[in-house]
Structures are given as structure tokens and as C-alpha cells.
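For reference, query-v3.cif (mmCIF, C-alpha atoms):
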data_model
#
loop_
_atom_site.label_atom_id
_atom_site.label_comp_id
_atom_site.auth_asym_id
_atom_site.auth_seq_id
_atom_site.Cartn_x
_atom_site.Cartn_y
_atom_site.Cartn_z
CA MET L 1 -33.61 -25.17 59.01
CA SER L 2 -33.37 -27.66 56.18
CA ALA L 3 -30.26 -27.80 54.03
CA PRO L 4 -30.50 -26.04 50.66
CA ARG L 5 -31.31 -28.31 47.80
CA HIS L 6 -28.82 -28.81 45.04
CA ARG L 7 -29.72 -27.16 41.73
CA PRO L 8 -27.89 -28.31 38.64
CA ALA L 9 -26.03 -25.66 36.68
CA HIS L 10 -26.92 -24.76 33.11
CA THR L 11 -30.30 -26.53 33.15
CA ASN L 12 -31.42 -24.63 30.03
CA GLU L 13 -28.41 -25.98 28.14
CA ALA L 14 -29.19 -29.46 29.48
CA LEU L 15 -32.72 -29.22 28.05
CA ARG L 16 -31.32 -28.35 24.61
CA TRP L 17 -29.06 -31.38 24.79
CA LEU L 18 -31.99 -33.59 25.77
CA ILE L 19 -33.92 -32.29 22.78
CA SER L 20 -31.04 -33.21 20.46
CA LEU L 21 -30.82 -36.68 21.99
CA ARG L 22 -34.56 -37.15 21.67
CA TRP L 23 -34.39 -36.46 17.94
CA LEU L 24 -31.72 -39.15 17.77
CA SER L 25 -33.91 -41.46 19.86
CA LEU L 26 -36.85 -40.83 17.56
CA GLY L 27 -34.66 -41.59 14.56
CA GLY L 28 -33.71 -44.91 16.19
CA MET L 29 -37.37 -45.79 16.65
CA LEU L 30 -38.11 -45.09 13.00
CA VAL L 31 -35.12 -47.14 11.87
CA VAL L 32 -36.38 -50.11 13.89
CA LEU L 33 -39.96 -49.55 12.78
CA TRP L 34 -39.14 -49.40 9.06
CA GLY L 35 -35.87 -51.31 8.87
CA ALA L 36 -36.53 -54.42 10.95
CA PRO L 37 -39.30 -55.83 8.73
CA ALA L 38 -37.26 -55.26 5.57
CA LEU L 39 -33.77 -56.29 6.80
CA LEU L 40 -34.53 -58.88 9.48
CA HIS L 41 -37.86 -60.12 8.09
CA ILE L 42 -39.53 -59.59 11.46
CA PRO L 43 -43.14 -58.38 11.40
CA LEU L 44 -43.74 -55.43 13.75
CA PRO L 45 -47.07 -54.00 14.97
CA THR L 46 -46.73 -50.73 13.10
CA GLU L 47 -50.28 -49.66 13.97
CA ALA L 48 -49.28 -49.63 17.66
CA LEU L 49 -45.71 -48.34 17.29
CA THR L 50 -46.38 -45.45 14.90
CA PRO L 51 -48.48 -43.44 17.42
CA ILE L 52 -45.67 -43.80 19.98
CA ALA L 53 -43.10 -42.34 17.58
CA LEU L 54 -45.54 -39.61 16.52
CA ALA L 55 -46.27 -38.65 20.15
CA LEU L 56 -42.56 -38.50 20.94
CA GLY L 57 -41.95 -36.24 17.93
CA LEU L 58 -44.77 -33.87 18.91
CA THR L 59 -43.51 -33.78 22.49
CA ASN L 60 -40.03 -32.86 21.29
CA GLY L 61 -41.46 -30.11 19.10
CA ALA L 62 -43.16 -28.65 22.16
CA SER L 63 -39.87 -28.95 24.06
CA VAL L 64 -38.12 -26.95 21.31
CA LEU L 65 -40.62 -24.11 21.85
CA ARG L 66 -40.04 -24.34 25.61
CA ALA L 67 -36.26 -24.15 25.20
CA ARG L 68 -36.61 -20.84 23.33
CA GLN L 69 -38.14 -19.18 26.39
CA ALA L 70 -35.92 -17.23 28.73
CA ARG L 71 -37.48 -18.81 31.83
CA GLU L 72 -35.10 -21.11 33.68
CA VAL L 73 -35.66 -24.85 33.39
CA SER L 74 -36.17 -26.46 36.79
CA GLY L 75 -34.94 -29.83 37.95
CA HIS L 76 -38.54 -31.08 38.08
CA GLU L 77 -38.99 -30.16 34.42
CA LEU L 78 -35.85 -32.00 33.35
CA PHE L 79 -37.02 -35.01 35.35
CA GLY L 80 -40.35 -34.88 33.52
CA GLN L 81 -38.58 -34.69 30.16
CA LEU L 82 -36.55 -37.82 30.90
CA CYS L 83 -39.68 -39.60 32.20
CA ILE L 84 -41.30 -38.93 28.81
CA ASP L 85 -38.40 -40.67 27.05
CA LEU L 86 -38.56 -43.55 29.52
CA ALA L 87 -42.30 -43.95 28.99
CA ALA L 88 -41.95 -43.79 25.20
CA TRP L 89 -39.27 -46.47 25.05
CA SER L 90 -41.10 -48.65 27.61
CA SER L 91 -44.22 -48.50 25.44
CA PHE L 92 -42.20 -49.23 22.32
CA LEU L 93 -40.55 -52.22 23.99
CA TYR L 94 -43.90 -53.50 25.29
CA PHE L 95 -45.08 -54.10 21.73
CA THR L 96 -41.72 -55.55 20.57
CA GLY L 97 -41.01 -58.35 23.02
CA GLY L 98 -40.44 -56.53 26.31
CA ALA L 99 -37.37 -57.67 28.24
CA THR L 100 -36.49 -60.16 25.50
CA ASN L 101 -35.87 -57.26 23.12
CA PRO L 102 -32.15 -56.35 23.24
CA LEU L 103 -33.10 -52.71 22.73
CA ILE L 104 -34.19 -52.61 26.37
CA SER L 105 -30.61 -51.70 27.24
CA LEU L 106 -31.33 -48.27 25.75
CA LEU L 107 -32.98 -47.43 29.06
CA LEU L 108 -29.51 -47.32 30.61
CA PRO L 109 -28.30 -44.17 28.73
CA LEU L 110 -31.41 -42.36 30.03
CA VAL L 111 -30.36 -43.21 33.58
CA ALA L 112 -26.78 -42.06 32.88
CA ILE L 113 -28.00 -38.75 31.45
CA GLY L 114 -30.33 -38.26 34.40
CA ALA L 115 -27.46 -38.81 36.81
CA ALA L 116 -25.49 -36.09 34.98
CA VAL L 117 -28.14 -33.36 34.80
CA LEU L 118 -30.63 -34.00 37.61
CA PRO L 119 -30.44 -33.33 41.34
CA ALA L 120 -29.65 -36.46 43.33
CA PRO L 121 -33.27 -37.21 44.45
CA HIS L 122 -34.57 -36.96 40.88
CA ALA L 123 -31.68 -39.03 39.51
CA TRP L 124 -32.39 -41.84 41.98
CA ALA L 125 -36.11 -41.64 41.21
CA LEU L 126 -35.41 -41.97 37.47
CA ALA L 127 -33.16 -44.96 38.07
CA LEU L 128 -35.88 -46.59 40.19
CA LEU L 129 -38.47 -45.98 37.47
CA ALA L 130 -36.15 -47.56 34.88
CA VAL L 131 -35.72 -50.66 37.06
CA VAL L 132 -39.48 -50.89 37.62
CA SER L 133 -40.09 -50.55 33.88
CA TYR L 134 -37.55 -53.27 33.10
CA SER L 135 -39.16 -55.54 35.71
CA LEU L 136 -42.69 -55.00 34.40
CA LEU L 137 -41.61 -55.65 30.82
CA TRP L 138 -40.21 -58.99 31.94
CA ASP L 139 -43.67 -60.59 32.10
CA ASN L 140 -45.91 -57.92 30.56
CA ASN L 141 -45.27 -57.59 26.84
CA GLU L 142 -46.46 -58.50 23.39
CA GLN L 143 -44.22 -61.17 21.91
CA LEU L 144 -43.28 -60.95 18.26
CA ASP L 145 -44.21 -63.74 15.91
CA ILE L 146 -40.82 -65.21 15.03
CA TYR L 147 -41.18 -68.87 14.08
CA ASP L 148 -37.62 -69.42 12.88
CA SER L 149 -35.34 -69.93 15.92
CA GLY L 150 -32.24 -69.14 13.86
CA LEU L 151 -33.79 -65.88 12.75
CA ALA L 152 -34.66 -65.08 16.36
CA VAL L 153 -31.04 -65.56 17.44
CA HIS L 154 -29.85 -63.44 14.52
CA TRP L 155 -32.34 -60.72 15.45
CA HIS L 156 -31.25 -60.79 19.10
CA LEU L 157 -27.55 -60.52 18.25
CA ALA L 158 -28.19 -57.72 15.78
CA GLY L 159 -30.21 -55.89 18.41
CA MET L 160 -27.46 -56.31 21.01
CA TRP L 161 -24.91 -54.86 18.57
CA LEU L 162 -27.18 -51.94 17.74
CA THR L 163 -27.94 -51.29 21.39
CA PHE L 164 -24.26 -51.31 22.33
CA SER L 165 -23.32 -48.98 19.46
CA VAL L 166 -26.09 -46.50 20.15
CA SER L 167 -25.53 -46.54 23.92
CA ALA L 168 -21.78 -46.02 23.53
CA GLY L 169 -22.29 -43.16 21.09
CA ILE L 170 -24.91 -41.41 23.23
CA ILE L 171 -22.95 -41.71 26.45
CA VAL L 172 -19.67 -40.54 24.90
CA TRP L 173 -21.34 -37.65 23.06
CA TYR L 174 -23.19 -36.46 26.12
CA VAL L 175 -20.32 -36.88 28.56
CA VAL L 176 -17.95 -35.03 26.21
CA ARG L 177 -20.41 -32.16 25.84
CA MET L 178 -21.03 -32.02 29.58
CA THR L 179 -17.31 -32.11 30.35
CA ALA L 180 -16.66 -29.27 27.90
CA ALA L 181 -19.45 -27.23 29.49
CA LEU L 182 -18.05 -27.82 32.96
CA ARG L 183 -14.59 -26.79 31.84
CA ALA L 184 -15.94 -23.64 30.21
CA ARG L 185 -17.89 -22.83 33.37
CA ASP L 186 -14.84 -23.39 35.57
CA GLN L 187 -12.77 -21.17 33.29
CA ALA L 188 -15.43 -18.44 33.38
CA LEU L 189 -15.61 -18.70 37.17
CA ALA L 190 -11.83 -18.47 37.47
CA GLU L 191 -11.74 -15.40 35.22
CA ALA L 192 -14.61 -13.78 37.13
CA ARG L 193 -12.90 -14.52 40.44
CA GLU L 194 -9.64 -13.07 39.14
CA ALA L 195 -11.40 -9.95 37.85
CA ARG L 196 -13.20 -9.53 41.19
CA LEU L 197 -9.95 -9.79 43.13
CA ARG L 198 -8.27 -7.32 40.79
CA ASN L 199 -11.18 -4.88 41.08
CA GLU L 200 -11.13 -5.17 44.86
CA ARG L 201 -7.45 -4.32 44.88
CA ILE L 202 -8.02 -1.39 42.54
CA VAL L 203 -10.77 -0.04 44.80
CA ALA L 204 -8.50 -0.45 47.82
CA LEU L 205 -5.71 1.35 45.97
CA GLY L 206 -8.14 4.13 45.10
CA ASN L 207 -9.00 4.60 48.77
CA LEU L 208 -5.32 4.60 49.70
CA ALA L 209 -4.58 7.07 46.91
CA ALA L 210 -7.24 9.48 48.16
CA GLY L 211 -5.71 9.40 51.63
CA ALA L 212 -2.20 9.71 50.26
CA ALA L 213 -3.19 12.71 48.13
CA HIS L 214 -4.43 14.49 51.23
CA GLU L 215 -1.39 13.64 53.34
CA LEU L 216 1.24 14.39 50.67
CA GLY L 217 -0.02 17.90 49.98
CA THR L 218 1.75 19.47 52.97
CA PRO L 219 5.23 17.91 52.49
CA LEU L 220 5.12 18.67 48.77
CA GLY L 221 4.30 22.28 49.52
CA THR L 222 7.26 22.47 51.91
CA MET L 223 9.56 20.89 49.33
CA ALA L 224 8.37 23.35 46.69
CA ILE L 225 9.22 26.30 48.94
CA LEU L 226 12.68 24.93 49.70
CA ALA L 227 13.39 24.08 46.05
CA GLY L 228 12.28 27.55 44.99
CA GLU L 229 14.60 29.21 47.51
CA LEU L 230 17.52 27.05 46.34
CA ALA L 231 16.81 27.87 42.71
CA ARG L 232 16.89 31.62 43.52
CA ASN L 233 19.90 31.48 45.86
CA PRO L 234 22.74 33.47 44.15
CA GLY L 235 25.28 31.86 46.46
CA LEU L 236 24.90 28.47 44.75
CA ASP L 237 26.59 27.52 41.53
CA ALA L 238 24.62 27.36 38.27
CA ASP L 239 24.45 23.55 38.15
CA THR L 240 22.96 23.34 41.63
CA ARG L 241 20.38 26.04 40.86
CA GLU L 242 19.50 24.19 37.63
CA ASP L 243 18.99 20.98 39.57
CA ALA L 244 16.84 22.83 42.10
CA GLN L 245 14.74 24.27 39.27
CA LEU L 246 14.26 20.77 37.84
CA LEU L 247 13.26 19.55 41.29
CA LEU L 248 10.75 22.39 41.55
CA GLU L 249 9.23 21.37 38.18
CA GLN L 250 8.95 17.76 39.29
CA ILE L 251 7.25 18.81 42.50
CA SER L 252 4.81 20.86 40.46
CA HIS L 253 4.03 17.78 38.34
CA CYS L 254 3.47 15.76 41.50
CA LYS L 255 1.03 18.33 42.86
CA GLY L 256 -0.81 18.35 39.54
CA ILE L 257 -1.08 14.57 39.59
CA LEU L 258 -2.40 14.57 43.14
CA GLY L 259 -4.90 17.28 42.24
CA SER L 260 -6.43 15.15 39.47
CA LEU L 261 -6.11 11.81 41.27
CA THR L 262 -9.76 11.57 42.25
CA LEU L 263 -10.78 12.19 38.63
CA ARG L 264 -8.49 9.47 37.29
CA ALA L 265 -8.89 6.72 39.89
CA GLY L 266 -11.23 4.19 38.35
CA SER L 267 -13.53 6.69 36.62
CA LEU L 268 -14.80 6.19 33.09
CA ARG L 269 -14.49 8.79 30.35
CA ALA L 270 -16.30 11.95 31.38
CA GLU L 271 -19.05 13.43 29.26
CA GLY L 272 -17.82 16.35 27.25
CA ALA L 273 -14.18 15.34 27.47
CA GLU L 274 -11.79 16.79 24.95
CA ARG L 275 -11.67 15.04 21.59
CA LEU L 276 -8.26 14.58 20.02
CA PRO L 277 -6.89 12.74 16.99
CA ALA L 278 -5.17 9.52 17.99
CA ASP L 279 -1.70 10.77 17.08
CA ALA L 280 -2.17 14.06 18.96
CA TRP L 281 -3.50 12.20 22.01
CA LEU L 282 -0.51 9.87 22.05
CA GLU L 283 1.96 12.70 21.51
CA THR L 284 0.47 14.49 24.52
CA ILE L 285 0.97 11.36 26.62
CA PHE L 286 4.53 10.87 25.41
CA ASP L 287 5.44 14.54 25.98
CA HIS L 288 4.01 14.42 29.48
CA TRP L 289 6.03 11.30 30.25
CA ARG L 290 9.21 12.94 28.93
CA THR L 291 8.75 15.80 31.40
CA LEU L 292 8.46 13.30 34.24
CA ARG L 293 11.51 11.24 33.25
CA PRO L 294 13.70 13.48 31.11
CA HIS L 295 16.82 11.34 31.59
CA VAL L 296 15.39 8.30 29.71
CA PRO L 297 15.35 8.73 25.90
CA LEU L 298 11.99 7.88 24.33
CA GLN L 299 11.67 7.35 20.57
CA THR L 300 8.17 7.32 19.08
CA ARG L 301 6.79 6.21 15.72
CA LEU L 302 3.13 6.90 14.97
CA ALA L 303 1.14 5.55 12.02
CA CYS L 304 -2.44 6.33 12.99
CA GLY L 305 -3.67 7.16 9.50
CA ASP L 306 -4.31 10.39 7.65
CA PRO L 307 -6.51 11.70 9.06
CA ALA L 308 -6.16 9.90 12.37
CA PRO L 309 -9.39 8.80 14.12
CA VAL L 310 -10.70 11.16 16.77
CA LEU L 311 -10.61 9.63 20.25
CA VAL L 312 -12.23 10.41 23.57
CA ALA L 313 -10.13 8.44 26.08
CA ASP L 314 -10.34 8.57 29.85
CA GLY L 315 -7.47 9.40 32.15
CA THR L 316 -7.05 5.81 33.31
CA LEU L 317 -5.96 4.77 29.82
CA GLU L 318 -3.37 7.54 29.79
CA GLN L 319 -2.11 6.28 33.13
CA ALA L 320 -2.03 2.70 31.79
CA ILE L 321 0.22 3.79 28.92
CA HIS L 322 2.39 5.71 31.38
CA ASN L 323 2.74 2.59 33.52
CA LEU L 324 3.81 0.44 30.57
CA ILE L 325 6.41 3.03 29.51
CA ASN L 326 7.63 3.34 33.09
CA ASN L 327 8.15 -0.41 33.35
CA ALA L 328 10.10 -0.39 30.10
CA ALA L 329 12.20 2.55 31.31
CA ASP L 330 12.93 0.78 34.59
CA ALA L 331 14.12 -2.28 32.67
CA CYS L 332 16.17 -0.26 30.15
CA PRO L 333 17.14 3.24 31.38
CA THR L 334 19.36 3.79 28.31
CA GLY L 335 16.37 4.26 26.00
CA ILE L 336 13.03 2.81 24.94
CA GLU L 337 10.75 2.94 21.90
CA CYS L 338 6.99 3.36 21.41
CA GLU L 339 5.07 2.57 18.25
CA ALA L 340 1.38 3.10 17.49
CA ALA L 341 -0.73 2.05 14.52
CA ILE L 342 -4.32 1.28 13.53
CA GLN L 343 -4.78 -2.47 12.96
CA ALA L 344 -8.12 -4.19 12.31
CA GLU L 345 -10.32 -1.59 14.07
CA HIS L 346 -7.90 -1.47 17.01
CA LEU L 347 -5.36 1.09 18.17
CA GLU L 348 -2.24 -0.94 18.89
CA ILE L 349 0.51 0.60 21.00
CA ARG L 350 3.83 -1.23 21.27
CA VAL L 351 6.35 -0.42 24.00
CA LEU L 352 9.80 -1.90 23.30
CA ASP L 353 12.87 -2.09 25.48
CA ARG L 354 16.26 -3.83 25.50
CA GLY L 355 16.14 -4.87 29.12
CA PRO L 356 16.67 -8.36 30.58
CA GLY L 357 13.23 -9.47 29.36
CA MET L 358 10.50 -11.40 31.12
CA PRO L 359 10.60 -15.17 31.73
CA ALA L 360 8.38 -17.15 29.38
CA LYS L 361 6.24 -18.36 32.29
CA LEU L 362 5.43 -14.80 33.33
CA ARG L 363 4.80 -13.66 29.74
CA ALA L 364 2.20 -16.41 29.39
CA GLN L 365 0.32 -15.16 32.44
CA ALA L 366 -1.90 -12.13 32.15
CA GLY L 367 -3.85 -12.42 35.36
CA LEU L 368 -3.64 -11.17 38.89
CA ALA L 369 -1.26 -13.90 40.01
CA SER L 370 1.33 -12.79 37.48
CA LEU L 371 1.27 -9.25 38.87
CA GLU L 372 2.06 -10.14 42.44
CA GLY L 373 5.37 -10.32 44.14
CA ARG L 374 7.63 -9.90 41.14
CA GLY L 375 9.18 -6.56 41.92
CA GLU L 376 11.20 -4.56 39.43
CA GLY L 377 8.28 -2.34 38.42
CA LEU L 378 5.80 -5.13 37.66
CA GLY L 379 3.37 -4.60 40.55
CA ILE L 380 0.72 -1.96 41.15
CA GLY L 381 1.37 -0.13 37.88
CA LEU L 382 0.56 -3.15 35.74
CA LEU L 383 -2.36 -4.08 37.97
CA LEU L 384 -3.94 -0.68 37.30
CA ALA L 385 -3.03 -0.88 33.62
CA PHE L 386 -4.76 -4.25 33.21
CA GLY L 387 -7.85 -2.98 35.00
CA ALA L 388 -8.11 0.20 32.89
CA VAL L 389 -7.55 -1.58 29.57
CA GLU L 390 -9.97 -4.43 30.30
CA ARG L 391 -12.74 -1.94 31.17
CA CYS L 392 -12.78 -0.69 27.58
CA GLY L 393 -12.51 -4.17 26.05
CA GLY L 394 -8.77 -4.04 25.29
CA ARG L 395 -5.91 -6.33 26.22
CA ILE L 396 -2.25 -6.22 27.20
CA GLN L 397 0.25 -8.84 26.08
CA PHE L 398 3.97 -9.29 26.69
CA GLU L 399 6.29 -10.91 24.17
CA ALA L 400 10.01 -11.52 23.90
CA ARG L 401 11.57 -8.91 21.63
CA PRO L 402 13.86 -10.30 18.92
CA GLY L 403 17.42 -9.49 19.87
CA GLY L 404 16.62 -9.23 23.59
CA GLY L 405 14.23 -7.28 25.74
CA THR L 406 10.46 -7.16 26.03
CA LEU L 407 7.64 -6.00 23.76
CA ALA L 408 4.48 -4.84 25.55
CA LEU L 409 1.47 -4.76 23.21
CA LEU L 410 -1.57 -2.71 24.23
CA SER L 411 -4.61 -3.17 21.96
CA LEU L 412 -7.60 -0.83 22.33
CA PRO L 413 -10.82 -1.23 20.28
CA LEU L 414 -11.62 1.95 18.37
CA ALA L 415 -15.33 1.40 19.03
CA ALA L 416 -14.70 2.13 22.73
CA LEU L 417 -12.64 5.26 22.01
CA CYS L 418 -14.17 6.86 18.91
CA PRO L 419 -17.40 8.83 19.44
CA ASP L 420 -18.22 8.63 15.71
CA LEU L 421 -18.14 4.83 15.77
CA GLN L 422 -20.24 4.78 18.93
CA THR L 423 -22.86 6.95 17.22
CA GLN L 424 -23.01 4.60 14.24
CA ASN L 425 -23.11 1.52 16.49
CA PRO L 426 -25.21 2.46 19.50
CA SER L 427 -25.18 -1.09 20.76
#

What does the file become when written as C-alpha cells?
Amino acid sequence: MSAPRHRPAHTNEALRWLISLRWLSLGGMLVVLWGAPALLHIPLPTEALTPIALALGLTNGASVLRARQAREVSGHELFGQLCIDLAAWSSFLYFTGGATNPLISLLLPLVAIGAAVLPAPHAWALALLAVVSYSLLWDNNEQLDIYDSGLAVHWHLAGMWLTFSVSAGIIVWYVVRMTAALRARDQALAEAREARLRNERIVALGNLAAGAAHELGTPLGTMAILAGELARNPGLDADTREDAQLLLEQISHCKGILGSLTLRAGSLRAEGAERLPADAWLETIFDHWRTLRPHVPLQTRLACGDPAPVLVADGTLEQAIHNLINNAADACPTGIECEAAIQAEHLEIRVLDRGPGMPAKLRAQAGLASLEGRGEGLGIGLLLAFGAVERCGGRIQFEARPGGGTLALLSLPLAALCPDLQTQNPS
């Protein structure tokens, strides 16, 4: 079995860059064709050079139409495009002195560009063709009629300066663009890899949760029976029976959570889900959290407009908000705050605490690596929260709160939550 051939990445983008460079190359031809006779007093065979420039312009126009097609550009096609430029400049140089023309060095940027965008066999083939062209132009050319030796030296030096300037500009421009494209691709690959790892962990957690829900049902039922008997036992004091009643309520919440776990784990918003105003939806979430952790004071401030937009949010977003509040409560059990407001077509939810805060290095990280191995409530909960929020196009950020503590900002686009906006913008 033969080894797979290398295919350059982003060949369609490379073709668009080649088209831009060819327009620049064509402009250089026209400058020489029209400027050399006037500035350097050198007669040029315009009747032979004009068709070359015209053919190159028509070829580039056809390449523009090709670049607009969705079909992928192959390495052979890019090689053919660069061969067209090599042939055009070789023909142009043939009528303007061949190898004695300092503009012959413009063949070198073509080789450099080919090495950057072509597979290795094509790049070597282009370099070989450039060397062959240079060698043929050494003896096969049409010499210009320059009778003044001083003028000839001046023309040669001017051409060397122009060639150096153009070559330097082309190489720097192209290498900078290519480097930026490679960096953007590497960044996109890193983000895709991070999202894939996070999604794999979320799927694994979903499988574990389904098994845990099945296994926890029996012990929770036993605990509920025992807590109920303690709450009804007249031989216990009132405080103990009150604690047993609270324990019974918490067990009931746990059973309710396990019962809806399969509906919440990674599923999108269900069709026909209940529609609620943003403030009512958030109040429901906050009230539910208060029943789960009644010993941690939670202050809320809502400014969702009057009337507030109607939302249809899935259960994973509710769990994401719960996780953020839980992390804040773990960091500051004496009390936390939640604020919500509509800002620039986004529902922004701020969770504030007066805990020890997060180190600046961890606040700057929002990926999977920042969610691993930190302990203190910053593990699975935030992993699930990031996954749920990113699915609807939102984001989570952590900032240092003035005066101490942490501010967790959750931003959700209304277009992903409001059915009315989705109807107006079906895309």
C-alpha cells in the first residue's frame, strides 16, 4: 500500500491569494510596459508584450470565476495556476532581454509561493521549471536596443532595485497571510479538540448518571422511610423531628431530580415546553435552589424589562445556573447575590460572592483544562455548565469582584431562548 499523499490545507484560500498576487503581477507588467519607455528611455516591443499582459488578465478573470465555485481546489490546479504565471513572466522576459533583465529575479517569489501552498512533488517540479526557464532565457531572448552603455547600467540598477522591492513585498505579504491562516487554523483545531473532549466527558457523565439514578433509587427509598418514621416519632424532641422532616424533604427533592435526570442530561429544549417570562423563569430557578440549600442566603435582583421576554429554556440551562450558584455558595456560605438583566439582545446573569476568589490564571482560562483538578466545587458542575451554555451560543466568564470574591457572568443570546425571535429570524 502506498503512503497517502499530502494535501495542502485551505487550497481554496490559497487560490484567492494567488489571484490577488496575479493582479499585482499584472500591474507590474503594465508599469514596465508603459513606464520604462517614458522614464528610462528604453524602447520596448509593445506589440509583443501587450498580448502577454492581456492573456494574463483574462486568465485571472477566469480564475476569479473558478474561486467562486464551492468545489475544492486541488494541488494539481494550484500547480497549473503557478505555471501560468511562470510562463507569462518567462514570455515577458524573452522579449525584454532574457537573463540580462534584472526582472528575472521575480521568478523566485513564484517558487517561494509554490513551496508554501503546493504538495512537495509539485513544489519541486515548479522549482525545476523555474530553473529551466532561467537557463533557456540565458541564450534565447530578444535583446533590447540600448546603445548608451551608461543608460544600460542605469536601467539594470533600477531593475534590480525594483525587483528586490517587489520580491520583498510579495514574500512578506504572502508569508504573513499564510502564517495568520495557520495560526487561525491551529486555534480552531485546538478549540474543536477541546470541545470534543468536553463533549466526550459529558456523554460519559450522562451514562454514569443514568446508572447512578437506577442504583440510588433503593437507598433513597429506604432513607425516606426512616426519615418519615423519625419525623412522626412522638418520643423525639421537636427539633429532631423538624430536622427529620427537612431531611425527608431533601430526599424527596433528590428523588425528583433522579426521576428527571434522563430528560435533562444533554437534551435540547423539548417541543411544546412551557413558556415563561424571563423573570418568572429565573425566580423559579432561584426558589428551587433555595429549597435545596436553605441555609445559604440568596439575594436576587432582576431587571428583565417590562414586559420581560418570554423564554423557552431547556433543563440543562437551569442546571447550569444551579451549578454556578452552588459554586458561589461553596465559596461563600454566608450569602451570595444573583443579578439578571437584558443587555444587547442577551440575557446576562451575574452570580456574585465574597469568597476567596479565583486566581487570575484560572479566570483567564475558560476551557476544559481549567475545569480539571481544581477541587473546591470547580469540577463536574462547571464542565456541565460550560457545555450547556455553549450549545445555545452563550458564554461563561469569571472576573474578580471589586472588594473581594468572584463574579460569574453567564450570557445567553435571546435568539436561542425566545420563540418569538426565532419565528422572526428562522435562520

Between L:Leu230, L:Val166, L:Leu324, L:Leu93, which residue has the minimum interatomic distance to Tyr134 of chain L, considering only C-alpha atoms?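 Using only C-alpha atoms, the shortest distance to Tyr134 of chain L belongs to L:Leu93.
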
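Here atom CA of Leu137 of chain L is placed at a distance of 23.5 Å from atom CA of Thr59 of chain L.
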
So how far away is atom CA of His253 of chain L from atom CA of Asp287 of chain L, in Å?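 Going from atom CA of Asp287 of chain L over to atom CA of His253 of chain L, I get 12.9 Å.
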
What's the 10 Å shell around Asp306 of chain L, counting only C-alpha atoms, without same-chain residues fewer than 2 positions away, as a list in words?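 Contacts, in chain order: Pro277, Asp279, Ala303, Cys304, Ala308 and Pro309 of chain L.
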
Residue IDs satisfying the PyMOL selection byres ((chain L and resi 182) around 12), as a list in words: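 On this input, the PyMOL selection byres ((chain L and resi 182) around 12) captures Pro8, Ala9, His10, Glu13, Ala14, Ala116, Val117, Val175, Val176, Arg177, Met178, Thr179, Ala180, Ala181, Arg183, Ala184, Arg185, Asp186, Gln187, Ala188 and Leu189 of chain L.
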
Exercise: segment 340-344 of chain L partners within 8 Å, only C-alpha atoms, chain neighbours under 2 positions left out, as a list of chain:residue names: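 Using only C-alpha atoms, the neighbours found are L:Arg301, L:Leu302, L:Ala303, L:Cys304, L:Gly305, L:Cys338, L:His346, L:Leu347, L:Glu348, L:Ile349, L:Arg350.
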
Using all atoms listed in the file: which of L:His122, L:Val73, L:Phe95, L:Ile170 has the shortest distance to Trp23 of chain L: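 Ranked by minimum distance to Trp23 of chain L, first place goes to L:Ile170.
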
Find the residues near Gln397 of chain L: any atom within 7 Å, counting all atoms listed in the file, skip ones fewer than 3 places away on the same chain, and give them as a list in words.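 The residues that qualify are Ala408, Leu409 and Leu410 of chain L.
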
Which residues come within 12 Å of segment 24-30 of chain L, counting only C-alpha atoms, excluding same-chain residues fewer than 2 positions away, as a PyMOL selection string? chain L and resi 17-22+32-37+44+46+49-61+82+84-86+88-93+96+103+106-107+109-110+159+162-163+165-167+169-170+173

Could you work out how far atom CA of Pro102 of chain L lies from atom CA of Ser135 of chain L, giving the answer in Å with one decimal?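 Going from atom CA of Ser135 of chain L over to atom CA of Pro102 of chain L, I get 14.3 Å.
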
Residue with the minimum atom-to-atom distance to Pro333 of chain L, picked from L:Pro307, L:Gly387, L:Pro297, L:Gly235 with all atoms listed in the file counted, is L:Pro297

Compare L:Glu242, L:Glu345, L:Asp139, L:Glu339 by their minimum atom-to-atom distance to Ala99 of chain L, counting all atoms listed in the file, and give me the closest one. L:Asp139

Tell me, as a list in words, which residues lie within 10 Å of Arg395 of chain L, counting only C-alpha atoms; anything in the same chain fewer than 4 positions away does not count.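 After dropping sequence-adjacent residues, the list is Glu348, Ala366, Ala385, Phe386, Gly387, Ala388, Val389, Glu390, Arg391, Leu409, Leu410, Ser411, Leu412 and Pro413 of chain L.
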
On this file, the PyMOL selection byres ((chain L and resi 398-402) around 8) gives some set of residues; write that set as a PyMOL selection string. chain L and resi 352-354+357-358+363-364+396-397+403-409

Okay, now the selection with C-alpha atoms, as a short mmCIF file (atom, residue, chain, number, x, y, z; two decimals), in the frame of the given file?
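Output saved as result00.cif:
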data_model
loop_
_atom_site.label_atom_id
_atom_site.label_comp_id
_atom_site.auth_asym_id
_atom_site.auth_seq_id
_atom_site.Cartn_x
_atom_site.Cartn_y
_atom_site.Cartn_z
CA LEU L 352 9.80 -1.90 23.30
CA ASP L 353 12.87 -2.09 25.48
CA ARG L 354 16.26 -3.83 25.50
CA GLY L 357 13.23 -9.47 29.36
CA MET L 358 10.50 -11.40 31.12
CA ARG L 363 4.80 -13.66 29.74
CA ALA L 364 2.20 -16.41 29.39
CA ILE L 396 -2.25 -6.22 27.20
CA GLN L 397 0.25 -8.84 26.08
CA GLY L 403 17.42 -9.49 19.87
CA GLY L 404 16.62 -9.23 23.59
CA GLY L 405 14.23 -7.28 25.74
CA THR L 406 10.46 -7.16 26.03
CA LEU L 407 7.64 -6.00 23.76
CA ALA L 408 4.48 -4.84 25.55
CA LEU L 409 1.47 -4.76 23.21
#

Step by step, work through what the PyMOL selection byres ((chain L and resi 285) around 12) selects in the shown file, and finish by giving those residues as a PyMOL selection string. chain L and resi 276+278-284+286-292+298+300+313+315-325+338
